[in-house]
>>> print(open('data-v1.cif').read())   # mmCIF, C-alpha atoms and all ligand atoms
data_start
loop_
_atom_site.label_atom_id
_atom_site.label_comp_id
_atom_site.auth_asym_id
_atom_site.auth_seq_id
_atom_site.Cartn_x
_atom_site.Cartn_y
_atom_site.Cartn_z
CA MET U 400 21.54 0.31 29.44
CA THR U 401 24.20 0.21 26.70
CA GLU U 402 24.95 -3.30 25.45
CA SER U 403 27.02 -4.94 22.76
CA LEU U 404 24.75 -7.08 20.57
CA ARG U 405 25.16 -9.51 17.70
CA ILE U 406 22.27 -9.42 15.23
CA GLU U 407 21.18 -12.89 14.16
CA ASP U 408 17.99 -12.40 12.17
CA LEU U 409 15.50 -9.88 10.77
CA ALA U 410 11.94 -9.60 12.11
CA PRO U 411 9.02 -9.27 9.64
CA LEU U 412 8.93 -5.47 10.12
CA GLY U 413 12.62 -5.26 9.16
CA ASP U 414 14.17 -4.83 12.64
CA GLY U 415 17.30 -6.79 13.48
CA ILE U 416 16.91 -9.42 16.21
CA SER U 417 19.52 -10.11 18.84
CA PRO U 418 18.68 -13.10 21.05
CA SER U 419 19.48 -12.60 24.75
CA GLU U 420 18.77 -14.24 28.10
CA LYS U 421 16.10 -11.58 28.71
CA GLY U 422 14.45 -12.35 25.36
CA ARG U 423 14.74 -11.02 21.84
CA ILE U 424 16.08 -7.49 21.48
CA TYR U 425 14.85 -5.65 18.38
CA VAL U 426 17.27 -3.12 16.89
CA ASP U 427 16.21 -1.19 13.82
CA ARG U 428 18.59 -0.36 10.95
CA THR U 429 20.64 -3.50 11.62
CA LEU U 430 21.23 -6.71 9.69
CA PRO U 431 22.16 -10.30 10.46
CA GLY U 432 25.93 -10.41 11.03
CA ASP U 433 26.15 -6.88 12.48
CA VAL U 434 27.79 -6.42 15.87
CA VAL U 435 26.45 -3.19 17.35
CA THR U 436 26.22 -1.20 20.52
CA ALA U 437 22.68 -0.19 21.44
CA ARG U 438 20.80 1.39 24.30
CA VAL U 439 18.39 -1.33 25.42
CA HIS U 440 15.04 -0.48 26.96
CA LYS U 441 11.50 -1.83 27.22
CA ALA U 442 8.93 -0.37 24.85
CA GLY U 443 5.42 -1.64 24.19
CA GLY U 444 6.07 -4.90 26.06
CA MET U 445 9.21 -5.75 24.05
CA LEU U 446 12.93 -5.14 24.33
CA ARG U 447 14.20 -2.48 21.95
CA GLY U 448 17.75 -1.44 21.23
CA ASP U 449 18.42 2.08 19.97
CA LEU U 450 21.41 1.73 17.68
CA LEU U 451 24.45 3.67 18.92
CA ALA U 452 27.21 2.32 16.68
CA VAL U 453 27.93 -0.48 14.23
CA VAL U 454 31.10 -2.10 15.64
CA GLU U 455 31.45 -4.86 13.04
CA PRO U 456 29.33 -4.45 9.91
CA SER U 457 27.38 -7.34 8.42
CA PRO U 458 28.67 -8.48 5.01
CA HIS U 459 25.22 -7.49 3.69
CA ARG U 460 25.56 -3.88 4.86
CA VAL U 461 25.86 -1.06 2.30
CA GLN U 462 25.79 2.72 2.44
CA ALA U 463 22.13 3.83 2.34
CA PRO U 464 21.58 5.85 -0.85
CA CYS U 465 19.27 8.46 0.71
CA ALA U 466 20.81 11.48 2.45
CA HIS U 467 17.87 11.56 4.90
CA TYR U 468 17.96 7.87 5.82
CA ASP U 469 19.17 8.40 9.38
CA ILE U 470 16.32 10.66 10.38
CA CYS U 471 13.40 9.74 8.09
CA GLY U 472 10.80 7.24 9.29
CA GLY U 473 9.99 6.12 5.74
CA CYS U 474 12.34 3.39 4.49
CA THR U 475 13.67 0.63 6.73
CA LEU U 476 16.04 -1.44 4.60
CA GLN U 477 18.19 0.91 2.53
CA HIS U 478 21.28 -0.26 4.43
CA ALA U 479 20.96 -3.80 3.01
CA SER U 480 22.64 -4.99 -0.19
CA GLU U 481 20.26 -5.58 -3.09
CA ALA U 482 20.92 -9.33 -3.05
CA PHE U 483 20.18 -9.60 0.70
CA TYR U 484 17.12 -7.36 0.41
CA ARG U 485 15.61 -9.36 -2.45
CA ASP U 486 16.29 -12.65 -0.78
CA TRP U 487 14.78 -11.45 2.48
CA LYS U 488 11.61 -10.15 0.81
CA THR U 489 10.91 -13.39 -1.02
CA GLY U 490 11.89 -15.25 2.16
CA VAL U 491 9.12 -13.47 4.09
CA VAL U 492 6.56 -14.98 1.69
CA ARG U 493 8.22 -18.43 1.70
CA THR U 494 8.29 -18.48 5.51
CA ALA U 495 4.66 -17.38 5.89
CA LEU U 496 3.54 -20.18 3.56
CA ALA U 497 5.84 -22.77 5.14
CA ARG U 498 4.35 -21.98 8.58
CA GLN U 499 1.00 -23.08 7.16
CA GLY U 500 2.62 -26.20 5.70
CA LEU U 501 2.38 -24.81 2.16
CA ALA U 502 4.65 -24.31 -0.84
CA PRO U 503 3.44 -23.51 -4.36
CA GLU U 504 4.12 -25.95 -7.19
CA LEU U 505 5.82 -23.05 -9.02
CA TRP U 506 7.56 -19.91 -7.81
CA HIS U 507 7.44 -17.33 -10.62
CA ASP U 508 10.38 -14.94 -10.82
CA PRO U 509 9.74 -12.13 -8.35
CA VAL U 510 9.14 -8.62 -9.67
CA PHE U 511 11.08 -5.79 -8.01
CA LEU U 512 9.91 -2.33 -8.95
CA PRO U 513 12.51 0.44 -9.02
CA ALA U 514 12.73 3.57 -6.87
CA ALA U 515 11.16 6.92 -7.84
CA THR U 516 7.84 5.32 -8.78
CA ARG U 517 5.58 5.86 -5.74
CA ARG U 518 2.56 7.85 -6.94
CA ARG U 519 0.80 8.44 -3.60
CA ALA U 520 2.24 9.88 -0.40
CA THR U 521 1.08 11.58 2.77
CA PHE U 522 3.14 14.44 4.17
CA ALA U 523 2.93 15.99 7.62
CA ALA U 524 2.30 19.73 7.28
CA VAL U 525 3.71 22.24 9.73
CA ARG U 526 2.85 25.88 9.08
CA LYS U 527 5.15 28.64 10.26
CA LYS U 528 3.96 32.08 9.16
CA ASP U 529 3.65 32.12 5.36
CA ARG U 530 5.41 28.83 4.66
CA VAL U 531 4.39 25.22 5.14
CA THR U 532 6.88 22.40 5.59
CA LEU U 533 5.59 19.22 4.00
CA GLY U 534 7.78 16.59 5.58
CA TYR U 535 7.86 13.01 6.79
CA PHE U 536 7.78 11.97 10.41
CA ARG U 537 11.18 11.37 11.95
CA ARG U 538 11.99 7.81 12.86
CA ARG U 539 10.08 6.67 15.99
CA SER U 540 8.92 10.22 16.62
CA HIS U 541 6.02 12.59 16.06
CA ALA U 542 8.44 15.34 15.03
CA VAL U 543 8.34 16.32 11.36
CA ALA U 544 11.55 16.28 9.34
CA ASP U 545 11.88 18.65 6.39
CA ILE U 546 12.92 16.01 3.88
CA ALA U 547 14.15 17.80 0.76
CA SER U 548 14.07 14.74 -1.49
CA CYS U 549 12.62 11.24 -1.44
CA LEU U 550 14.12 8.48 -3.54
CA THR U 551 10.99 6.30 -3.47
CA ALA U 552 8.51 8.93 -4.71
CA ASP U 553 7.75 9.82 -8.32
CA PRO U 554 9.74 13.04 -8.96
CA ALA U 555 6.54 14.67 -10.29
CA LEU U 556 4.90 14.09 -6.91
CA MET U 557 7.85 15.64 -5.06
CA ALA U 558 7.83 18.60 -7.48
CA LEU U 559 4.14 19.20 -6.74
CA ARG U 560 4.83 18.93 -3.00
CA ASP U 561 7.49 21.64 -3.29
CA LYS U 562 5.17 23.92 -5.24
CA LEU U 563 2.44 23.52 -2.59
CA SER U 564 4.46 24.72 0.36
CA ARG U 565 3.79 28.47 -0.04
CA PRO U 566 0.24 28.54 -1.45
CA LEU U 567 -1.03 26.12 1.21
CA ALA U 568 -0.06 28.50 4.03
CA PRO U 569 -3.19 30.71 3.88
CA LEU U 570 -5.43 27.62 4.15
CA LEU U 571 -3.78 25.90 7.09
CA THR U 572 -3.74 26.79 10.77
CA GLU U 573 -0.69 26.31 13.00
CA LYS U 574 -2.14 22.99 14.20
CA PRO U 575 -0.87 19.76 12.60
CA ALA U 576 -2.37 18.65 9.30
CA ASP U 577 -1.66 15.92 6.72
CA ILE U 578 -1.41 16.47 2.99
CA PHE U 579 -2.09 13.46 0.77
CA ILE U 580 -1.00 13.70 -2.85
CA GLN U 581 -1.97 11.14 -5.48
CA MET U 582 -0.84 11.34 -9.11
CA VAL U 583 -2.69 9.34 -11.75
CA GLY U 584 -3.01 9.48 -15.54
CA GLY U 585 -1.16 12.81 -15.75
CA GLY U 586 -3.48 14.36 -13.14
CA ALA U 587 -3.21 14.93 -9.40
CA GLU U 588 -5.35 15.23 -6.31
CA VAL U 589 -4.62 16.74 -2.93
CA VAL U 590 -6.50 15.79 0.23
CA ILE U 591 -5.97 17.86 3.37
CA THR U 592 -6.71 16.29 6.76
CA GLY U 593 -6.86 18.71 9.70
CA PRO U 594 -8.17 22.13 10.64
CA LEU U 595 -8.48 24.77 7.92
CA GLY U 596 -9.22 28.49 7.80
CA ARG U 597 -9.95 30.79 10.72
CA LYS U 598 -12.43 28.49 12.45
CA GLY U 599 -10.92 25.11 11.60
CA VAL U 600 -13.39 24.46 8.78
CA PRO U 601 -13.42 25.71 5.18
CA ASP U 602 -14.59 29.32 4.78
CA LEU U 603 -14.79 31.56 1.73
CA GLN U 604 -11.09 32.41 1.93
CA VAL U 605 -10.22 28.68 1.99
CA TYR U 606 -12.40 27.95 -1.06
CA GLU U 607 -10.82 30.86 -2.94
CA ALA U 608 -7.28 29.82 -2.03
CA ALA U 609 -8.04 26.19 -2.99
CA ALA U 610 -9.32 27.35 -6.39
CA GLU U 611 -6.20 29.42 -6.96
CA ILE U 612 -3.92 26.49 -6.04
CA ALA U 613 -5.79 23.96 -8.17
CA HIS U 614 -5.85 26.19 -11.25
CA GLY U 615 -2.31 27.51 -10.72
CA LEU U 616 -0.67 24.11 -10.21
CA GLY U 617 -2.82 22.02 -12.53
CA ILE U 618 -4.37 19.95 -9.72
CA ASN U 619 -7.59 18.16 -10.67
CA ARG U 620 -9.17 18.22 -7.23
CA ILE U 621 -8.59 19.43 -3.68
CA ALA U 622 -10.57 17.75 -0.91
CA TRP U 623 -10.64 18.15 2.86
CA ARG U 624 -11.61 16.24 5.98
CA ALA U 625 -11.31 17.30 9.61
CA ARG U 626 -10.08 13.91 10.89
CA GLU U 627 -8.73 10.72 9.38
CA GLN U 628 -11.94 8.81 10.12
CA ASP U 629 -14.08 11.34 8.17
CA ALA U 630 -15.05 11.08 4.51
CA PRO U 631 -13.40 13.88 2.53
CA ASP U 632 -15.45 16.79 1.15
CA VAL U 633 -14.44 18.15 -2.22
CA LEU U 634 -13.36 21.81 -1.90
CA LEU U 635 -12.86 22.15 -5.60
CA GLU U 636 -12.80 19.86 -8.61
CA VAL U 637 -11.44 21.39 -11.80
CA THR U 638 -11.68 18.17 -13.80
CA PRO U 639 -12.31 14.57 -12.69
CA LEU U 640 -9.30 12.45 -11.81
CA ILE U 641 -9.43 9.59 -14.29
CA ALA U 642 -7.74 6.20 -13.97
CA MET U 643 -7.64 3.77 -16.89
CA PHE U 644 -7.82 0.10 -15.93
CA GLY U 645 -7.54 -1.76 -19.22
CA ALA U 646 -10.20 -0.13 -21.42
CA LEU U 647 -12.22 0.95 -18.36
CA SER U 648 -12.15 4.66 -17.57
CA VAL U 649 -12.97 5.38 -13.92
CA ALA U 650 -13.50 8.83 -12.39
CA LEU U 651 -11.85 8.28 -9.02
CA PRO U 652 -13.50 9.45 -5.79
CA PRO U 653 -11.32 11.42 -3.34
CA LEU U 654 -8.70 9.27 -1.55
CA ALA U 655 -9.48 6.30 -3.78
CA PHE U 656 -7.34 3.24 -3.16
CA LEU U 657 -4.84 2.73 -5.96
CA GLN U 658 -1.82 0.45 -6.06
CA PRO U 659 1.12 2.60 -4.86
CA THR U 660 2.92 2.49 -8.21
CA LYS U 661 1.63 2.27 -11.78
CA ALA U 662 4.33 -0.29 -12.64
CA GLY U 663 3.25 -2.37 -9.62
CA GLU U 664 -0.38 -2.16 -10.72
CA ASP U 665 0.66 -3.36 -14.18
CA ALA U 666 2.74 -6.23 -12.75
CA LEU U 667 -0.09 -7.40 -10.46
CA ALA U 668 -2.68 -7.09 -13.24
CA ALA U 669 -0.42 -9.02 -15.65
CA ALA U 670 -0.01 -11.82 -13.08
CA VAL U 671 -3.77 -11.95 -12.48
CA MET U 672 -4.58 -11.98 -16.19
CA ALA U 673 -2.01 -14.70 -16.90
CA ALA U 674 -3.90 -16.94 -14.45
CA LEU U 675 -7.39 -16.39 -15.87
CA PRO U 676 -9.01 -18.40 -18.68
CA ALA U 677 -9.34 -16.75 -22.12
CA SER U 678 -13.06 -16.19 -21.60
CA GLY U 679 -15.70 -16.71 -18.97
CA THR U 680 -17.78 -15.27 -16.15
CA PHE U 681 -15.67 -13.69 -13.43
CA ALA U 682 -15.91 -12.12 -9.98
CA ASP U 683 -13.47 -9.48 -8.70
CA LEU U 684 -13.71 -9.44 -4.90
CA PHE U 685 -12.43 -6.43 -2.91
CA ALA U 686 -12.44 -4.71 -6.28
CA GLY U 687 -11.64 -1.14 -5.19
CA CYS U 688 -12.13 1.15 -8.18
CA GLY U 689 -11.52 -1.63 -10.69
CA THR U 690 -7.75 -2.21 -10.95
CA PHE U 691 -8.37 -5.83 -11.99
CA THR U 692 -12.02 -5.50 -13.07
CA GLY U 693 -10.94 -3.32 -16.02
CA PRO U 694 -8.50 -5.80 -17.62
CA MET U 695 -10.79 -8.75 -16.72
CA LEU U 696 -13.62 -7.20 -18.76
CA ALA U 697 -11.65 -7.95 -21.93
CA ARG U 698 -12.16 -11.67 -21.20
CA GLY U 699 -15.84 -11.78 -20.21
CA SER U 700 -18.42 -10.47 -17.78
CA VAL U 701 -17.25 -9.27 -14.36
CA ASP U 702 -19.15 -8.84 -11.11
CA ALA U 703 -17.12 -6.46 -8.94
CA PHE U 704 -17.76 -6.69 -5.17
CA GLU U 705 -16.50 -3.96 -2.86
CA ASN U 706 -17.55 -2.42 0.46
CA ALA U 707 -16.53 1.22 -0.04
CA ALA U 708 -19.63 3.04 -1.28
CA LEU U 709 -17.73 5.68 -3.27
CA ALA U 710 -15.64 3.06 -5.08
CA VAL U 711 -18.78 1.08 -5.98
CA ARG U 712 -20.42 4.24 -7.30
CA ALA U 713 -17.32 5.08 -9.35
CA LEU U 714 -17.30 1.57 -10.85
CA ASP U 715 -21.01 1.80 -11.58
CA LYS U 716 -20.44 4.97 -13.61
CA ALA U 717 -17.21 3.78 -15.22
CA LYS U 718 -17.02 3.92 -19.01
CA GLY U 719 -15.63 1.08 -21.07
CA THR U 720 -16.33 -1.32 -23.87
CA ALA U 721 -18.33 -3.65 -21.60
CA PRO U 722 -20.55 -2.87 -18.59
CA VAL U 723 -19.40 -3.69 -15.03
CA THR U 724 -21.79 -5.07 -12.45
CA ALA U 725 -20.65 -3.29 -9.28
CA VAL U 726 -22.06 -4.63 -6.02
CA ARG U 727 -21.63 -3.08 -2.59
CA ARG U 728 -21.01 -5.92 -0.18
CA ASP U 729 -19.17 -6.48 3.08
CA LEU U 730 -17.25 -9.63 2.18
CA PHE U 731 -16.13 -10.20 5.78
CA ARG U 732 -19.73 -10.72 6.86
CA ASP U 733 -21.38 -11.75 3.64
CA PRO U 734 -18.92 -13.58 1.39
CA VAL U 735 -19.68 -14.48 -2.20
CA GLU U 736 -20.47 -18.16 -2.80
CA GLY U 737 -18.75 -18.32 -6.14
CA LYS U 738 -20.83 -21.09 -7.75
CA ARG U 739 -21.55 -19.37 -11.01
CA TYR U 740 -18.04 -18.14 -11.81
CA ASP U 741 -15.31 -19.62 -14.01
CA ALA U 742 -12.73 -17.76 -11.94
CA VAL U 743 -12.65 -15.51 -8.90
CA VAL U 744 -10.02 -12.88 -8.05
CA PHE U 745 -9.71 -11.62 -4.48
CA ASP U 746 -7.50 -8.78 -3.23
CA PRO U 747 -8.42 -8.04 0.39
CA PRO U 748 -6.99 -5.49 2.84
CA ARG U 749 -4.17 -6.57 5.21
CA LEU U 750 -6.63 -8.50 7.40
CA GLY U 751 -7.06 -10.97 4.56
CA ALA U 752 -10.18 -12.77 3.38
CA GLU U 753 -10.84 -15.50 5.91
CA ALA U 754 -14.63 -15.69 5.60
CA GLN U 755 -14.41 -15.34 1.82
CA SER U 756 -11.82 -18.13 1.60
CA LYS U 757 -14.05 -20.41 3.66
CA ALA U 758 -16.91 -19.75 1.22
CA LEU U 759 -14.67 -20.43 -1.79
CA ALA U 760 -13.24 -23.57 -0.15
CA VAL U 761 -16.66 -25.23 -0.43
CA SER U 762 -17.37 -23.86 -3.91
CA ASP U 763 -16.64 -25.47 -7.25
CA VAL U 764 -14.96 -22.42 -8.84
CA PRO U 765 -12.20 -23.97 -10.96
CA ARG U 766 -9.72 -21.13 -10.52
CA VAL U 767 -9.10 -18.65 -7.73
CA VAL U 768 -6.48 -15.90 -7.85
CA GLY U 769 -5.46 -14.24 -4.58
CA VAL U 770 -3.64 -10.90 -4.51
CA SER U 771 -2.28 -9.90 -1.13
CA CYS U 772 -0.25 -7.25 0.67
CA ASN U 773 0.10 -9.45 3.77
CA PRO U 774 1.85 -12.83 3.38
CA VAL U 775 0.70 -13.98 6.83
CA THR U 776 -3.03 -13.58 6.21
CA PHE U 777 -2.59 -14.80 2.64
CA ALA U 778 -0.97 -18.00 3.93
CA ARG U 779 -3.82 -18.50 6.43
CA ASP U 780 -6.38 -18.06 3.63
CA ALA U 781 -4.38 -20.26 1.25
CA ARG U 782 -4.47 -23.06 3.79
CA ILE U 783 -8.25 -22.77 4.02
CA LEU U 784 -8.47 -23.11 0.23
CA VAL U 785 -6.01 -26.01 0.12
CA GLU U 786 -7.89 -27.83 2.90
CA GLY U 787 -11.00 -27.32 0.74
CA GLY U 788 -9.34 -29.19 -2.13
CA TYR U 789 -7.51 -26.45 -4.09
CA ARG U 790 -3.92 -26.80 -5.29
CA LEU U 791 -1.64 -23.82 -4.78
CA GLU U 792 -0.28 -23.75 -8.31
CA SER U 793 1.98 -20.74 -8.25
CA VAL U 794 3.04 -17.65 -6.37
CA ARG U 795 4.64 -14.49 -7.74
CA VAL U 796 6.18 -12.00 -5.31
CA VAL U 797 5.78 -8.35 -6.36
CA ASP U 798 7.74 -5.69 -4.50
CA GLN U 799 6.41 -2.22 -5.18
CA PHE U 800 7.42 -0.79 -1.78
CA ILE U 801 11.16 -0.61 -2.32
CA TRP U 802 13.30 -0.49 0.87
CA SER U 803 10.29 -1.14 3.14
CA HIS U 804 9.22 -4.38 4.82
CA HIS U 805 6.03 -4.48 2.74
CA VAL U 806 5.66 -7.12 0.07
CA GLU U 807 2.83 -8.19 -2.24
CA LEU U 808 2.08 -11.40 -4.05
CA VAL U 809 -0.24 -13.11 -6.46
CA GLY U 810 -1.20 -16.73 -5.69
CA VAL U 811 -3.03 -18.98 -8.14
CA PHE U 812 -5.25 -21.86 -6.97
CA SER U 813 -7.11 -24.43 -9.02
CA ARG U 814 -9.25 -27.49 -8.58
C1 LIG U 901 -6.00 -3.90 -1.17
S1 LIG U 901 -7.40 -3.01 -1.67
C2 LIG U 901 -7.59 -3.66 -3.30
C3 LIG U 901 -8.45 -2.86 -4.21
C4 LIG U 901 -8.32 -3.22 -5.69
N1 LIG U 901 -8.36 -4.65 -5.92
C5 LIG U 901 -7.06 -2.62 -6.28
O1 LIG U 901 -6.10 -3.36 -6.52
O2 LIG U 901 -7.03 -1.40 -6.50
C6 LIG U 901 -8.65 -3.78 -0.73
C7 LIG U 901 -10.05 -3.31 -1.02
O3 LIG U 901 -10.93 -4.02 -0.14
C8 LIG U 901 -11.99 -3.16 0.24
N2 LIG U 901 -12.58 -3.71 1.47
C9 LIG U 901 -12.12 -3.59 2.74
N3 LIG U 901 -12.90 -4.27 3.60
C10 LIG U 901 -13.87 -4.86 2.84
C11 LIG U 901 -14.98 -5.71 3.15
N4 LIG U 901 -15.23 -6.07 4.41
N5 LIG U 901 -15.76 -6.13 2.14
C12 LIG U 901 -15.50 -5.76 0.85
N6 LIG U 901 -14.49 -4.94 0.51
C13 LIG U 901 -13.67 -4.50 1.49
C14 LIG U 901 -11.30 -1.81 0.40
O4 LIG U 901 -12.26 -0.77 0.33
C15 LIG U 901 -10.32 -1.84 -0.77
O5 LIG U 901 -10.90 -1.28 -1.92
#
>>> encode(input="data-v1.cif", output="structure tokens", more="lines below")
Ligand SMILES: C[S@@+](CC[C@H](N)C(=O)[O-])C[C@H]1O[C@@H](n2cnc3c(N)ncnc32)[C@H](O)[C@@H]1O
Amino acid sequence: MTESLRIEDLAPLGDGISPSEKGRIYVDRTLPGDVVTARVHKAGGMLRGDLLAVVEPSPHRVQAPCAHYDICGGCTLQHASEAFYRDWKTGVVRTALARQGLAPELWHDPVFLPAATRRRATFAAVRKKDRVTLGYFRRRSHAVADIASCLTADPALMALRDKLSRPLAPLLTEKPADIFIQMVGGGAEVVITGPLGRKGVPDLQVYEAAAEIAHGLGINRIAWRAREQDAPDVLLEVTPLIAMFGALSVALPPLAFLQPTKAGEDALAAAVMAALPASGTFADLFAGCGTFTGPMLARGSVDAFENAALAVRALDKAKGTAPVTAVRRDLFRDPVEGKRYDAVVFDPPRLGAEAQSKALAVSDVPRVVGVSCNPVTFARDARILVEGGYRLESVRVVDQFIWSHHVELVGVFSR
């Protein structure tokens, strides 16, 4: 049914909200103050409005800078003015904390990273004869759009994507596949997810084609997995893909977690380091491949805890000026007590670090630094720490996912 709607608010995923007698109607690509017409329907137990026209634009509305904005499923907030966008992003963190009855003693100035910096991206591959389209999914669809340019991605990543479209054709089948590209330290890796070769798995022709691509395009490594839940197999590694974290040199395993932008990694690491004492014994929890472990080693000894076996192995073999103690541990089930540390850093996945926060809440660690990509779970964990006697000293918002609803933060606690 087509309805005229006034948008009053923005939901955490960036959709506009129009209150109605039937309940909230969520309309994407809208802003508070917009009056729109939308086709309203039920989807996934909620009311959705598909935007038909903006009748009266919100004062915060601007022309989206990307030519593909209307069809691409990537960005969600390009149609908002910079001032509104920045306010909204910091507001998401403020609101999440306020809902837990919390506010930091100090809000540091937020850091907003610019466009054209994203160093990792996954493209949907569609092969037609001798050419592969590496596109993004269309908005709310499984159809792939041939997006010629992307304003968020590092131009070097997009250039490599373009160069891959012909040489990948002999490897892929006509079934869907994903191509992940990650650029780091001047190098690049490609991970293919989906069927390959004549029988769906790598054969001699696939290995030969992968070697030609890697050597021809200067790619460090090409890896493959049949499905998303599988661990990738390396098809070919020309040279290791090295990341430098402080003075620590880490040979990354395939599909290693890295912060999505180098500038974002630097901003988060700077905020973490600013909160740590000049020397001491530290723990880096949910350490990944050592993004924070590396810089922390310049201040003292670091025990790095992480559950991903390949990341732990990479940290174990990492080269630097001081050794890392890398420990494989599931911190959801078996949190670290914290007793012996002068400071603990934790940077969990979106689910947060509930069990770990409960363990720290009864510890006597003087300083805890939380890094988070989910303000809601961070606020829940912060409350656990505060109820355990910590003060939430400061929070810094870091936005390295420009034009998306995602936001990161660094929170500093002390007792
Ligand atoms: C947001 S990433 C942060 C990684 C690293 N701190 C960085 O900035 O690159 C979260 C990390 O938590 C790890 N992880 C997920 N679940 C875990 C668990 N139950 N126990 C320990 N580590 C876990 C993931 O493998 C991932 O490396």
>>> closest_atom_pairs(input="data-v1.cif", of="chain U", to="ligand LIG 901 (chain U)", cutoff="6 Å", atoms="only C-alpha atoms and all ligand atoms", output="JSON lines")
{"residue": "U:Phe656", "atom": "CA", "partner": "U:LIG901", "partner_atom": "O2", "distance": 5.7}
{"residue": "U:Leu657", "atom": "CA", "partner": "U:LIG901", "partner_atom": "O2", "distance": 4.7}
{"residue": "U:Gln658", "atom": "CA", "partner": "U:LIG901", "partner_atom": "O2", "distance": 5.5}
{"residue": "U:Phe685", "atom": "CA", "partner": "U:LIG901", "partner_atom": "O3", "distance": 4.0}
{"residue": "U:Ala686", "atom": "CA", "partner": "U:LIG901", "partner_atom": "N1", "distance": 4.1}
{"residue": "U:Gly687", "atom": "CA", "partner": "U:LIG901", "partner_atom": "O5", "distance": 3.4}
{"residue": "U:Cys688", "atom": "CA", "partner": "U:LIG901", "partner_atom": "O2", "distance": 5.9}
{"residue": "U:Thr690", "atom": "CA", "partner": "U:LIG901", "partner_atom": "O2", "distance": 4.6}
{"residue": "U:Glu705", "atom": "CA", "partner": "U:LIG901", "partner_atom": "N6", "distance": 4.0}
{"residue": "U:Asn706", "atom": "CA", "partner": "U:LIG901", "partner_atom": "C12", "distance": 3.9}
{"residue": "U:Ala707", "atom": "CA", "partner": "U:LIG901", "partner_atom": "O4", "distance": 4.7}
{"residue": "U:Arg728", "atom": "CA", "partner": "U:LIG901", "partner_atom": "C12", "distance": 5.6}
{"residue": "U:Asp729", "atom": "CA", "partner": "U:LIG901", "partner_atom": "N5", "distance": 3.6}
{"residue": "U:Leu730", "atom": "CA", "partner": "U:LIG901", "partner_atom": "N5", "distance": 3.8}
{"residue": "U:Phe731", "atom": "CA", "partner": "U:LIG901", "partner_atom": "N4", "distance": 4.4}
{"residue": "U:Asp746", "atom": "CA", "partner": "U:LIG901", "partner_atom": "N1", "distance": 5.0}
{"residue": "U:Pro747", "atom": "CA", "partner": "U:LIG901", "partner_atom": "C6", "distance": 4.4}
{"residue": "U:Pro748", "atom": "CA", "partner": "U:LIG901", "partner_atom": "C6", "distance": 4.3}
>>> atom_distance(input="data-v1.cif", atom1="atom CA of Ser771 of chain U", atom2="atom CA of Leu684 of chain U")
12.0 Å
>>> atom_distance(input="data-v1.cif", atom1="atom CA of Leu570 of chain U", atom2="atom CA of Leu616 of chain U")
15.5 Å
>>> residues_around(input="data-v1.cif", residues="segment 625-634 of chain U", least_positions_apart="3", cutoff="12 Å", atoms="only C-alpha atoms", output="PyMOL selection string")
chain U and resi 521+570-571+574-579+588-596+598-613+619-622+637-639+652-655+707-709
>>> atom_distance(input="data-v1.cif", atom1="atom CA of Leu412 of chain U", atom2="atom CA of Trp802 of chain U")
11.4 Å
>>> closest_atom_pairs(input="data-v1.cif", of="segment 600-704 of chain U", to="segment 512-518 of chain U", cutoff="8 Å", atoms="all atoms listed in the file", output="JSON lines")
{"residue": "U:Pro659", "atom": "CA", "partner": "U:Arg517", "partner_atom": "CA", "distance": 5.6}
{"residue": "U:Thr660", "atom": "CA", "partner": "U:Arg517", "partner_atom": "CA", "distance": 5.0}
{"residue": "U:Lys661", "atom": "CA", "partner": "U:Arg518", "partner_atom": "CA", "distance": 7.4}
{"residue": "U:Ala662", "atom": "CA", "partner": "U:Leu512", "partner_atom": "CA", "distance": 7.0}
{"residue": "U:Gly663", "atom": "CA", "partner": "U:Leu512", "partner_atom": "CA", "distance": 6.7}
>>> closest_residue(input="data-v1.cif", among="U:Ala778, U:Ala520, U:Arg698, U:Ala713", to="Ala650 of chain U", atoms="only C-alpha atoms")
U:Ala713
>>> closest_residue(input="data-v1.cif", among="U:Ser700, U:Asn773, U:Thr429, U:Ser403", to="Thr475 of chain U", atoms="all atoms listed in the file")
U:Thr429
